[in-house]
Each structure stands twice: as structure tokens, then as C-alpha cells.
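Let me begin by presenting the structure, written as C-alpha cells, before commenting on it.
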Amino acid sequence: MCLTDTLDEMVQNGTLTPDLAIQVLVQFDKSMTEALETQVKSKVSIKGHLHTYRFCDNVWTFILQNALFKSEECQETVGRVKIVACDSKLLSQ
């Protein structure tokens with residue numbers, strides 16, 4: 001969210017073109033996907049009350065309330081969380 005807000009501000013100030021801002025977001029998504037695939041080895045389970053779900057343009061959006069994130073080392077409860085997921089194969093196009 002911070003990256004998107006910053007890029008929006010830079011476009012409004014004329015520091016970046018809209019096309020370059022979109023390229024930055026696409027590269028961020030690709031880099032995060034690669035980092036999660038190659039560098040993260042731990043697993044987390046998520047349990048919570050499913051408030052809303054949506055599937056549009058090959059993108060899933062889930063809003064959970066009272067979500068419990070649990071790993072081998074710790075667990076954390078979050079009041080409200082939004083999860084957005086898409087097919088990683090779509091990012092390589």
C-alpha cells in the first residue's frame with residue numbers, strides 16, 4: 001500500500017510518468033513472487049471468519065476477520081486482513 005501511495009504521489013507531482021509507475025508495480029510483484037518462491041521456507045496457516053470473498057479477472061480477494069496466523073515459531077491474531085491472490089503464471093506474461 002505504501003509503494004502504491006508513494007507512486008501515486010510521484011505521478012501527481014510529475015516526478016514519474018504513469019507508465020513508469022505501473023512498470024515499478026509490475027516489477028515489485030515479480031520480485032516478491034520470486035523472493036517468496038526461493039527464499040522463504042517457513043509455512044503459515046491462517047484461520048479466521050471469512051467476511052467477504054470475490055473472484056474477478058483471475059484475482060481472488062478474501063477479507064478475514066479475527067484471523068489467526070500460526071507458524072512453527074509463533075502465532076498472531078489480526079482483527080481484519082485482506083488477502084489478494086492471483087496465478088503467478090499471469091505475472092510472467
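To be explicit about the labels: the chains of the C-alpha cells are called A, B, and onward in the order shown, and within each one the residues are counted from 1, while ligands get numbers from 1 in the order they are shown.
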| request: Write out as number ranges by chain all residues of chain A that DSSP puts in strand (DSSP E) for this structure's backbone. | output: A: 45-56, 59-70, 75-86
| Picked from chain A by DSSP as alpha helix (DSSP H), as a PyMOL selection string | chain A and resi 2-13+18-39+88-91
Please, could you write that set of residues out with N, CA and C atoms as an mmCIF file, in the first residue's frame?
data_model
loop_
_atom_site.group_PDB
_atom_site.id
_atom_site.type_symbol
_atom_site.label_atom_id
_atom_site.label_comp_id
_atom_site.auth_asym_id
_atom_site.auth_seq_id
_atom_site.Cartn_x
_atom_site.Cartn_y
_atom_site.Cartn_z
ATOM 1 N N CYS A 2 1.960 1.207 0.781
ATOM 2 C CA CYS A 2 2.858 2.374 0.850
ATOM 3 C C CYS A 2 3.503 2.646 -0.496
ATOM 4 N N LEU A 3 3.910 1.574 -1.185
ATOM 5 C CA LEU A 3 4.514 1.752 -2.507
ATOM 6 C C LEU A 3 3.515 2.382 -3.462
ATOM 7 N N THR A 4 2.301 1.893 -3.472
ATOM 8 C CA THR A 4 1.267 2.441 -4.351
ATOM 9 C C THR A 4 0.988 3.903 -4.023
ATOM 10 N N ASP A 5 0.868 4.213 -2.739
ATOM 11 C CA ASP A 5 0.627 5.606 -2.335
ATOM 12 C C ASP A 5 1.766 6.518 -2.767
ATOM 13 N N THR A 6 2.993 6.053 -2.575
ATOM 14 C CA THR A 6 4.164 6.849 -2.960
ATOM 15 C C THR A 6 4.228 7.055 -4.466
ATOM 16 N N LEU A 7 3.968 5.996 -5.227
ATOM 17 C CA LEU A 7 3.982 6.121 -6.687
ATOM 18 C C LEU A 7 2.880 7.063 -7.161
ATOM 19 N N ASP A 8 1.699 6.976 -6.551
ATOM 20 C CA ASP A 8 0.610 7.902 -6.908
ATOM 21 C C ASP A 8 1.012 9.350 -6.655
ATOM 22 N N GLU A 9 1.647 9.579 -5.515
ATOM 23 C CA GLU A 9 2.091 10.934 -5.183
ATOM 24 C C GLU A 9 3.140 11.422 -6.179
ATOM 25 N N MET A 10 4.056 10.534 -6.558
ATOM 26 C CA MET A 10 5.097 10.920 -7.516
ATOM 27 C C MET A 10 4.513 11.214 -8.897
ATOM 28 N N VAL A 11 3.486 10.471 -9.288
ATOM 29 C CA VAL A 11 2.827 10.749 -10.570
ATOM 30 C C VAL A 11 2.118 12.089 -10.509
ATOM 31 N N GLN A 12 1.437 12.366 -9.387
ATOM 32 C CA GLN A 12 0.727 13.639 -9.241
ATOM 33 C C GLN A 12 1.691 14.821 -9.237
ATOM 34 N N ASN A 13 2.897 14.630 -8.659
ATOM 35 C CA ASN A 13 3.893 15.705 -8.624
ATOM 36 C C ASN A 13 4.655 15.841 -9.931
ATOM 37 N N PRO A 18 2.921 7.948 -15.471
ATOM 38 C CA PRO A 18 2.048 6.827 -15.087
ATOM 39 C C PRO A 18 2.553 5.482 -15.595
ATOM 40 N N ASP A 19 3.113 5.465 -16.803
ATOM 41 C CA ASP A 19 3.642 4.209 -17.357
ATOM 42 C C ASP A 19 4.795 3.668 -16.519
ATOM 43 N N LEU A 20 5.674 4.547 -16.078
ATOM 44 C CA LEU A 20 6.807 4.109 -15.259
ATOM 45 C C LEU A 20 6.333 3.613 -13.893
ATOM 46 N N ALA A 21 5.316 4.248 -13.328
ATOM 47 C CA ALA A 21 4.766 3.802 -12.051
ATOM 48 C C ALA A 21 4.188 2.397 -12.174
ATOM 49 N N ILE A 22 3.506 2.119 -13.272
ATOM 50 C CA ILE A 22 2.954 0.779 -13.498
ATOM 51 C C ILE A 22 4.081 -0.230 -13.665
ATOM 52 N N GLN A 23 5.145 0.137 -14.362
ATOM 53 C CA GLN A 23 6.294 -0.759 -14.520
ATOM 54 C C GLN A 23 6.925 -1.084 -13.170
ATOM 55 N N VAL A 24 6.992 -0.107 -12.285
ATOM 56 C CA VAL A 24 7.545 -0.331 -10.947
ATOM 57 C C VAL A 24 6.672 -1.325 -10.185
ATOM 58 N N LEU A 25 5.366 -1.175 -10.250
ATOM 59 C CA LEU A 25 4.462 -2.101 -9.560
ATOM 60 C C LEU A 25 4.556 -3.514 -10.123
ATOM 61 N N VAL A 26 4.644 -3.634 -11.437
ATOM 62 C CA VAL A 26 4.777 -4.961 -12.060
ATOM 63 C C VAL A 26 6.082 -5.613 -11.634
ATOM 64 N N GLN A 27 7.168 -4.836 -11.622
ATOM 65 C CA GLN A 27 8.461 -5.382 -11.209
ATOM 66 C C GLN A 27 8.446 -5.776 -9.734
ATOM 67 N N PHE A 28 7.787 -4.983 -8.908
ATOM 68 C CA PHE A 28 7.655 -5.315 -7.487
ATOM 69 C C PHE A 28 6.947 -6.658 -7.319
ATOM 70 N N ASP A 29 5.836 -6.846 -8.039
ATOM 71 C CA ASP A 29 5.098 -8.104 -7.957
ATOM 72 C C ASP A 29 5.971 -9.284 -8.389
ATOM 73 N N LYS A 30 6.699 -9.120 -9.474
ATOM 74 C CA LYS A 30 7.574 -10.200 -9.954
ATOM 75 C C LYS A 30 8.671 -10.498 -8.947
ATOM 76 N N SER A 31 9.293 -9.468 -8.402
ATOM 77 C CA SER A 31 10.380 -9.653 -7.440
ATOM 78 C C SER A 31 9.884 -10.310 -6.150
ATOM 79 N N MET A 32 8.721 -9.895 -5.660
ATOM 80 C CA MET A 32 8.172 -10.502 -4.451
ATOM 81 C C MET A 32 7.822 -11.966 -4.682
ATOM 82 N N THR A 33 7.263 -12.272 -5.838
ATOM 83 C CA THR A 33 6.928 -13.656 -6.165
ATOM 84 C C THR A 33 8.177 -14.515 -6.186
ATOM 85 N N GLU A 34 9.231 -14.021 -6.831
ATOM 86 C CA GLU A 34 10.493 -14.770 -6.901
ATOM 87 C C GLU A 34 11.103 -14.945 -5.510
ATOM 88 N N ALA A 35 11.092 -13.901 -4.700
ATOM 89 C CA ALA A 35 11.654 -13.984 -3.354
ATOM 90 C C ALA A 35 10.874 -14.975 -2.495
ATOM 91 N N LEU A 36 9.561 -14.960 -2.599
ATOM 92 C CA LEU A 36 8.750 -15.899 -1.817
ATOM 93 C C LEU A 36 8.996 -17.342 -2.258
ATOM 94 N N GLU A 37 9.209 -17.555 -3.553
ATOM 95 C CA GLU A 37 9.456 -18.904 -4.064
ATOM 96 C C GLU A 37 10.830 -19.418 -3.684
ATOM 97 N N THR A 38 11.834 -18.555 -3.654
ATOM 98 C CA THR A 38 13.216 -19.027 -3.489
ATOM 99 C C THR A 38 13.791 -18.825 -2.096
ATOM 100 N N GLN A 39 13.309 -17.855 -1.336
ATOM 101 C CA GLN A 39 13.960 -17.513 -0.078
ATOM 102 C C GLN A 39 13.148 -17.847 1.169
ATOM 103 N N SER A 88 0.435 -16.944 -10.298
ATOM 104 C CA SER A 88 1.758 -16.357 -10.541
ATOM 105 C C SER A 88 2.168 -16.486 -12.000
ATOM 106 N N LYS A 89 1.590 -17.429 -12.721
ATOM 107 C CA LYS A 89 1.909 -17.570 -14.149
ATOM 108 C C LYS A 89 1.450 -16.358 -14.940
ATOM 109 N N LEU A 90 0.421 -15.678 -14.436
ATOM 110 C CA LEU A 90 -0.077 -14.479 -15.120
ATOM 111 C C LEU A 90 0.908 -13.327 -15.018
ATOM 112 N N LEU A 91 1.771 -13.329 -13.981
ATOM 113 C CA LEU A 91 2.741 -12.245 -13.808
ATOM 114 C C LEU A 91 3.858 -12.302 -14.839
#
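Surrounding stretch 59-75 of chain A within 8 Å are Ser42, Lys43, Val44, Ser45, Ile46, Lys47, Gly48, His49, Leu50, His51, Thr52, Tyr53, Arg54, Phe55, Gly79, Arg80, Val81, Lys82, Ile83, Val84, Ala85, Cys86 and Asp87 of chain A, with only C-alpha atoms counted and residues fewer than 4 positions along the same chain left out.
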